[in-house]
Amino acid sequence: MTETQEATLKEKQDYGQLIAPEEGVYAVMPNAAEALDCYLSIARAIAGPTDYELVLENFANRLRALIAHDHLDIVLLHPTGTQICYEARMHTSWSHTQNPATPTEESPIRDVLRGDLPYILTDDAWTDPRFHFEGADSEPLFQANLHSRIVVPLRVQGELIGSLAISSHKKSFYNEELVVLAQGAADLVSAYLFALERGKEAKDSAIAEIEATGRERSLRIGALQLTEGMERERQRLGMDLHDQTLADLARIRRRMSGIEGGSPEASKELADIQEELDHCLEDVRGIVEDMKPGVLQMFGFSEAVDAHLQRCLRNTRRPMNMHVQDLTDGKMDHLQDTVRTAMYRIVQEAVNNALKHANCSRINVRIAQQGGNMSVTIEDDGTGIQDMDLHSLSGIGNIKTRADLISASVLFDRLNAPKGTRVLITVPMSSGTEVRDAD
Ligand SMILES: Nc1ncnc2c1ncn2[C@@H]1O[C@H](COP(=O)(O)OP(=O)(O)OP(=O)(O)O)[C@@H](O)[C@H]1O
Ligand SMILES: [Mg+2]
């Protein structure tokens, strides 16, 4: 011990002298029949309850008939180099209620917990150097006035799992024979305590898992409701564009076609502007349709995908074969509206990507059902998607996010013979019902 440690120890001992221990009194040694009787009563008392505190209180009460004590603690080791301490009779800062897990290295009984000593029997823990070392958490020995101590290991199938410590306010109270009895009691309860602790851990982690799943579910529901809101806003904008901007542009177009006369140059200029305006009108109509999937609402998923393909076809200069095939007789329309819209947006982006990047001559969309899941496949005969493309945070990122929100899975496949890309989206038919439940 260093000088400062000795000084602190002296100070604590002086403070402790205020509660002077009785000396020269020894714990009564039970005979063999009494010991057996006590073991049996311990076994009966701890076998019933599953509440840790109660088991420990029962154990301490019954053990008292065998070994008199003022404080009892059970330490259980964690694989992380920490431990948890349960106390009976008196509660100190060692208690799990104050410190859920403390480092074993700081424990005053670490010699037993590390397996360096088979047990500790001390006449006075206050002065026994085994309890006092740099960083030792020995304060409770003084606070709870613990002098005589027996510390024995708890083992399960030979494996050290913790310790049982029995302490008295009296000095020189215990002896080697009581250590043997204490070890017997420890062997009796160790397996039970171990099972109880594992059960508690399993219960705690099950609760944590349920909480985490609940949190994830709430987040997903929140995000889905947000996208629902965005989708509604998008459709409102689409309607505004349709009712106002598109109507204004159409009116201007009509007024222009009414203009007559003027020089041939002016007429030519006017015709060019009219043509540009027609393109412009067509573009805005496309945007409006994209924003406000009216066909989806009115005619259903397969028709809406077909309308999107037709629109793309009109804007594509090269010859293109596009096809939608519904093998489910419209089952996509049985999905929740949010889920169906998300699926439609995913298909839109996959089709747009095929047109934009694949240099393909064919795009097929196939709607199918597999058990409780609906699937949509978008396949092209183009150059094929690359692995690194799958990290894109742009359209592909949106596809993944939308899929996550509706609990769908997306698979991107690069095809070889014939070449191309296949995007497969699978969604449970029950997806989205939880959002309804949460409303
Ligand atoms: N069907 C496809 N065939 C070949 N390459 C593809 C196909 N789909 C996507 N890609 C590749 O994946 C990349 C990422 O696509 P993503 O949709 O994320 O972005 P983008 O289409 O380039 O941009 P945005 O979607 O924002 O307009 C594309 O740039 C393209 O190289
Ligand atoms: Mg894209």
# chains A, B, ... in the order shown; residues from 1 in each chain; ligands from 1
call {"tool": "select_by_dssp", "arguments": {"residues": "stretch 54-160 of chain A", "states": "strand (DSSP E or B)", "output": "count of residues only"}}
result
30
call {"tool": "residues_near_ligand", "arguments": {"ligand": "ligand 2", "cutoff": "8 Å", "atoms": "only C-alpha atoms and all ligand atoms", "output": "PyMOL selection string"}}
result
chain A and resi 349-350+352-353+356+394-396
call {"tool": "closest_atom_pairs", "arguments": {"of": "chain A", "to": "ligand 1", "cutoff": "9 Å", "atoms": "only C-alpha atoms and all ligand atoms", "output": "tab-separated table"}}
result
residue	atom	partner	partner_atom_place_in_ligand_line	distance
A:Glu349	CA	ligand 1	17 (O)	6.8
A:Ala350	CA	ligand 1	8 (N)	6.5
A:Val351	CA	ligand 1	1 (N)	7.4
A:Asn352	CA	ligand 1	21 (O)	7.5
A:Asn353	CA	ligand 1	8 (N)	4.4
A:Ala354	CA	ligand 1	1 (N)	3.7
A:Leu355	CA	ligand 1	1 (N)	7.3
A:Lys356	CA	ligand 1	21 (O)	7.0
A:His357	CA	ligand 1	5 (N)	4.9
A:Ala358	CA	ligand 1	3 (N)	3.8
A:Asn359	CA	ligand 1	3 (N)	7.6
A:Cys360	CA	ligand 1	3 (N)	8.1
A:Ile378	CA	ligand 1	1 (N)	8.7
A:Glu379	CA	ligand 1	1 (N)	7.7
A:Asp380	CA	ligand 1	1 (N)	6.5
A:Asp381	CA	ligand 1	3 (N)	8.5
A:Gly382	CA	ligand 1	3 (N)	6.0
A:Thr383	CA	ligand 1	4 (C)	5.5
A:Gly384	CA	ligand 1	4 (C)	4.4
A:Ile385	CA	ligand 1	5 (N)	3.9
A:Gln386	CA	ligand 1	5 (N)	6.6
A:Asp387	CA	ligand 1	12 (O)	8.7
A:Met388	CA	ligand 1	12 (O)	7.9
A:Asp389	CA	ligand 1	12 (O)	4.2
A:Leu390	CA	ligand 1	12 (O)	6.5
A:His391	CA	ligand 1	18 (O)	7.7
A:Ser392	CA	ligand 1	18 (O)	4.5
A:Leu393	CA	ligand 1	18 (O)	5.8
A:Ser394	CA	ligand 1	18 (O)	4.0
A:Gly395	CA	ligand 1	17 (O)	3.4
A:Ile396	CA	ligand 1	18 (O)	3.7
A:Gly397	CA	ligand 1	18 (O)	5.9
A:Asn398	CA	ligand 1	18 (O)	7.7
A:Ile399	CA	ligand 1	17 (O)	8.3
A:Phe412	CA	ligand 1	8 (N)	8.8
A:Arg414	CA	ligand 1	3 (N)	8.3
A:Gly420	CA	ligand 1	3 (N)	6.8
A:Thr421	CA	ligand 1	1 (N)	5.2
A:Arg422	CA	ligand 1	1 (N)	7.4
A:Val423	CA	ligand 1	1 (N)	8.0
call {"tool": "residues_around", "arguments": {"residues": "stretch 94-102 of chain A", "least_positions_apart": "3", "cutoff": "12 Å", "atoms": "only C-alpha atoms", "output": "number ranges by chain"}}
result
A: 52-53, 71-91, 105-110, 136-141, 143-144
call {"tool": "write_last_selection", "arguments": {"atoms": "N, CA, C and O atoms", "output": "short mmCIF file (atom, residue, chain, number, x, y, z; two decimals), in the first residue's frame"}}
result
data_model
loop_
_atom_site.label_atom_id
_atom_site.label_comp_id
_atom_site.auth_asym_id
_atom_site.auth_seq_id
_atom_site.Cartn_x
_atom_site.Cartn_y
_atom_site.Cartn_z
N TYR A 52 -35.15 -11.72 -8.80
CA TYR A 52 -33.80 -11.84 -8.28
C TYR A 52 -33.68 -11.41 -6.82
O TYR A 52 -33.08 -12.09 -5.99
N GLU A 53 -34.26 -10.25 -6.51
CA GLU A 53 -34.16 -9.69 -5.16
C GLU A 53 -34.76 -10.67 -4.14
O GLU A 53 -34.21 -10.90 -3.07
N HIS A 71 -24.41 -8.96 6.37
CA HIS A 71 -24.46 -8.51 4.97
C HIS A 71 -24.11 -9.69 4.09
O HIS A 71 -23.24 -10.51 4.43
N LEU A 72 -24.80 -9.76 2.97
CA LEU A 72 -24.49 -10.85 2.03
C LEU A 72 -24.52 -10.26 0.62
O LEU A 72 -25.40 -9.45 0.30
N ASP A 73 -23.55 -10.60 -0.16
CA ASP A 73 -23.65 -10.16 -1.56
C ASP A 73 -23.25 -11.25 -2.53
O ASP A 73 -22.44 -12.12 -2.21
N ILE A 74 -23.90 -11.19 -3.67
CA ILE A 74 -23.60 -12.12 -4.76
C ILE A 74 -23.10 -11.26 -5.91
O ILE A 74 -23.76 -10.29 -6.29
N VAL A 75 -21.92 -11.61 -6.41
CA VAL A 75 -21.40 -10.89 -7.57
C VAL A 75 -21.45 -11.83 -8.77
O VAL A 75 -21.04 -12.99 -8.66
N LEU A 76 -21.98 -11.34 -9.89
CA LEU A 76 -21.99 -12.16 -11.10
C LEU A 76 -21.12 -11.49 -12.16
O LEU A 76 -21.25 -10.28 -12.40
N LEU A 77 -20.24 -12.27 -12.76
CA LEU A 77 -19.30 -11.71 -13.75
C LEU A 77 -19.95 -11.58 -15.12
O LEU A 77 -20.74 -12.43 -15.52
N HIS A 78 -19.60 -10.50 -15.81
CA HIS A 78 -20.02 -10.34 -17.21
C HIS A 78 -18.80 -10.61 -18.09
O HIS A 78 -17.68 -10.36 -17.68
N PRO A 79 -19.03 -11.06 -19.32
CA PRO A 79 -17.87 -11.34 -20.19
C PRO A 79 -17.06 -10.09 -20.53
O PRO A 79 -15.93 -10.17 -20.98
N THR A 80 -17.62 -8.92 -20.28
CA THR A 80 -16.95 -7.67 -20.66
C THR A 80 -15.94 -7.18 -19.63
O THR A 80 -15.45 -6.07 -19.75
N GLY A 81 -15.63 -8.03 -18.61
CA GLY A 81 -14.69 -7.58 -17.57
C GLY A 81 -15.39 -6.74 -16.51
O GLY A 81 -14.74 -6.10 -15.71
N THR A 82 -16.71 -6.75 -16.56
CA THR A 82 -17.46 -6.04 -15.52
C THR A 82 -18.26 -7.06 -14.73
O THR A 82 -18.27 -8.24 -15.05
N GLN A 83 -18.95 -6.56 -13.71
CA GLN A 83 -19.71 -7.46 -12.85
C GLN A 83 -20.90 -6.72 -12.29
O GLN A 83 -20.95 -5.49 -12.30
N ILE A 84 -21.83 -7.51 -11.79
CA ILE A 84 -23.01 -6.90 -11.17
C ILE A 84 -23.14 -7.47 -9.76
O ILE A 84 -22.84 -8.64 -9.54
N CYS A 85 -23.50 -6.61 -8.83
CA CYS A 85 -23.53 -7.03 -7.43
C CYS A 85 -24.96 -6.94 -6.87
O CYS A 85 -25.59 -5.89 -6.98
N TYR A 86 -25.43 -8.04 -6.32
CA TYR A 86 -26.74 -8.05 -5.67
C TYR A 86 -26.51 -8.20 -4.17
O TYR A 86 -25.71 -9.05 -3.76
N GLU A 87 -27.18 -7.38 -3.37
CA GLU A 87 -26.95 -7.42 -1.93
C GLU A 87 -28.22 -7.80 -1.17
O GLU A 87 -29.33 -7.47 -1.61
N ALA A 88 -28.00 -8.45 -0.03
CA ALA A 88 -29.15 -8.73 0.85
C ALA A 88 -28.82 -8.13 2.21
O ALA A 88 -27.65 -8.00 2.58
N ARG A 89 -29.88 -7.79 2.94
CA ARG A 89 -29.80 -7.19 4.28
C ARG A 89 -29.46 -5.71 4.24
O ARG A 89 -30.23 -4.89 4.67
N MET A 90 -28.26 -5.36 3.77
CA MET A 90 -27.89 -3.95 3.73
C MET A 90 -27.54 -3.60 2.29
O MET A 90 -27.03 -4.44 1.56
N HIS A 91 -27.82 -2.36 1.92
CA HIS A 91 -27.46 -1.95 0.56
C HIS A 91 -26.37 -0.89 0.59
O HIS A 91 -26.47 0.09 1.30
N GLU A 105 -11.82 -5.31 -12.02
CA GLU A 105 -10.50 -4.91 -11.55
C GLU A 105 -10.57 -4.02 -10.31
O GLU A 105 -9.64 -3.95 -9.54
N GLU A 106 -11.72 -3.32 -10.13
CA GLU A 106 -11.84 -2.42 -8.98
C GLU A 106 -12.49 -3.11 -7.79
O GLU A 106 -12.66 -2.50 -6.73
N SER A 107 -12.88 -4.35 -7.97
CA SER A 107 -13.56 -5.03 -6.88
C SER A 107 -12.56 -5.43 -5.80
O SER A 107 -11.51 -6.01 -6.09
N PRO A 108 -12.88 -5.17 -4.51
CA PRO A 108 -11.95 -5.56 -3.43
C PRO A 108 -11.79 -7.07 -3.33
O PRO A 108 -10.86 -7.55 -2.68
N ILE A 109 -12.69 -7.84 -3.97
CA ILE A 109 -12.53 -9.31 -3.91
C ILE A 109 -12.11 -9.86 -5.28
O ILE A 109 -12.41 -10.99 -5.64
N ARG A 110 -11.40 -9.03 -6.03
CA ARG A 110 -11.04 -9.43 -7.40
C ARG A 110 -10.16 -10.69 -7.44
O ARG A 110 -10.16 -11.43 -8.41
N ALA A 136 -9.13 0.25 -5.52
CA ALA A 136 -10.12 -0.71 -4.98
C ALA A 136 -11.37 0.04 -4.48
O ALA A 136 -11.26 1.07 -3.83
N ASP A 137 -12.51 -0.53 -4.79
CA ASP A 137 -13.78 0.08 -4.37
C ASP A 137 -14.14 -0.51 -2.99
O ASP A 137 -15.08 -1.28 -2.85
N SER A 138 -13.34 -0.13 -1.97
CA SER A 138 -13.51 -0.75 -0.65
C SER A 138 -14.30 0.11 0.33
O SER A 138 -14.50 -0.27 1.48
N GLU A 139 -14.75 1.26 -0.14
CA GLU A 139 -15.51 2.19 0.71
C GLU A 139 -16.67 1.52 1.47
O GLU A 139 -16.81 1.71 2.68
N PRO A 140 -17.49 0.69 0.79
CA PRO A 140 -18.64 0.09 1.50
C PRO A 140 -18.24 -0.76 2.71
O PRO A 140 -19.03 -0.92 3.62
N LEU A 141 -17.00 -1.30 2.72
CA LEU A 141 -16.57 -2.08 3.88
C LEU A 141 -16.67 -1.24 5.14
O LEU A 141 -17.08 -1.72 6.20
N GLN A 143 -18.37 1.87 5.31
CA GLN A 143 -19.72 2.42 5.46
C GLN A 143 -20.67 1.40 6.10
O GLN A 143 -21.49 1.75 6.94
N ALA A 144 -20.55 0.15 5.66
CA ALA A 144 -21.48 -0.86 6.17
C ALA A 144 -20.90 -1.62 7.37
O ALA A 144 -21.51 -2.58 7.85
#
call {"tool": "closest_residue", "arguments": {"among": "A:Arg345, A:Thr213, A:Asp306, A:Thr401", "to": "A:Arg366", "atoms": "only C-alpha atoms"}}
result
A:Asp306
call {"tool": "atom_distance", "arguments": {"atom1": "atom CA of A:Gly372", "atom2": "atom CA of A:Ser430"}}
result
7.9 Å
call {"tool": "atom_distance", "arguments": {"atom1": "atom CA of A:Asp413", "atom2": "atom CA of A:Val365"}}
result
14.6 Å
call {"tool": "select_by_dssp", "arguments": {"residues": "stretch 82-200 of chain A", "states": "alpha helix (DSSP H)", "output": "VMD selection string"}}
result
chain A and resid 110 to 113 139 to 143 176 to 200
call {"tool": "closest_residue", "arguments": {"among": "A:Asp51, A:Ser361, A:Glu233, A:Gly330", "to": "A:Lys200", "atoms": "only C-alpha atoms"}}
result
A:Asp51
call {"tool": "residues_around", "arguments": {"residues": "stretch 114-125 of chain A", "least_positions_apart": "6", "cutoff": "7 Å", "atoms": "only C-alpha atoms", "output": "NGL selection string"}}
result
:A and (131 or 146-153 or 171-173)
call {"tool": "write_last_selection", "arguments": {"atoms": "C-alpha atoms", "output": "PDB file, in the first residue's frame"}}
result
ATOM      1  CA  PHE A 131      -9.158  -5.766   0.089  1.00  0.00           C
ATOM      2  CA  LEU A 146     -18.059  -5.089   7.506  1.00  0.00           C
ATOM      3  CA  HIS A 147     -15.179  -6.770   9.356  1.00  0.00           C
ATOM      4  CA  SER A 148     -15.201 -10.566   9.218  1.00  0.00           C
ATOM      5  CA  ARG A 149     -15.755 -11.915   5.733  1.00  0.00           C
ATOM      6  CA  ILE A 150     -15.959 -15.165   3.847  1.00  0.00           C
ATOM      7  CA  VAL A 151     -15.706 -14.879   0.071  1.00  0.00           C
ATOM      8  CA  VAL A 152     -16.156 -18.045  -1.983  1.00  0.00           C
ATOM      9  CA  PRO A 153     -16.393 -18.491  -5.752  1.00  0.00           C
ATOM     10  CA  LYS A 171     -14.145  -9.174  13.938  1.00  0.00           C
ATOM     11  CA  SER A 172     -12.632 -12.714  13.892  1.00  0.00           C
ATOM     12  CA  PHE A 173     -16.112 -14.192  13.584  1.00  0.00           C
TER      13      PHE A 173
END
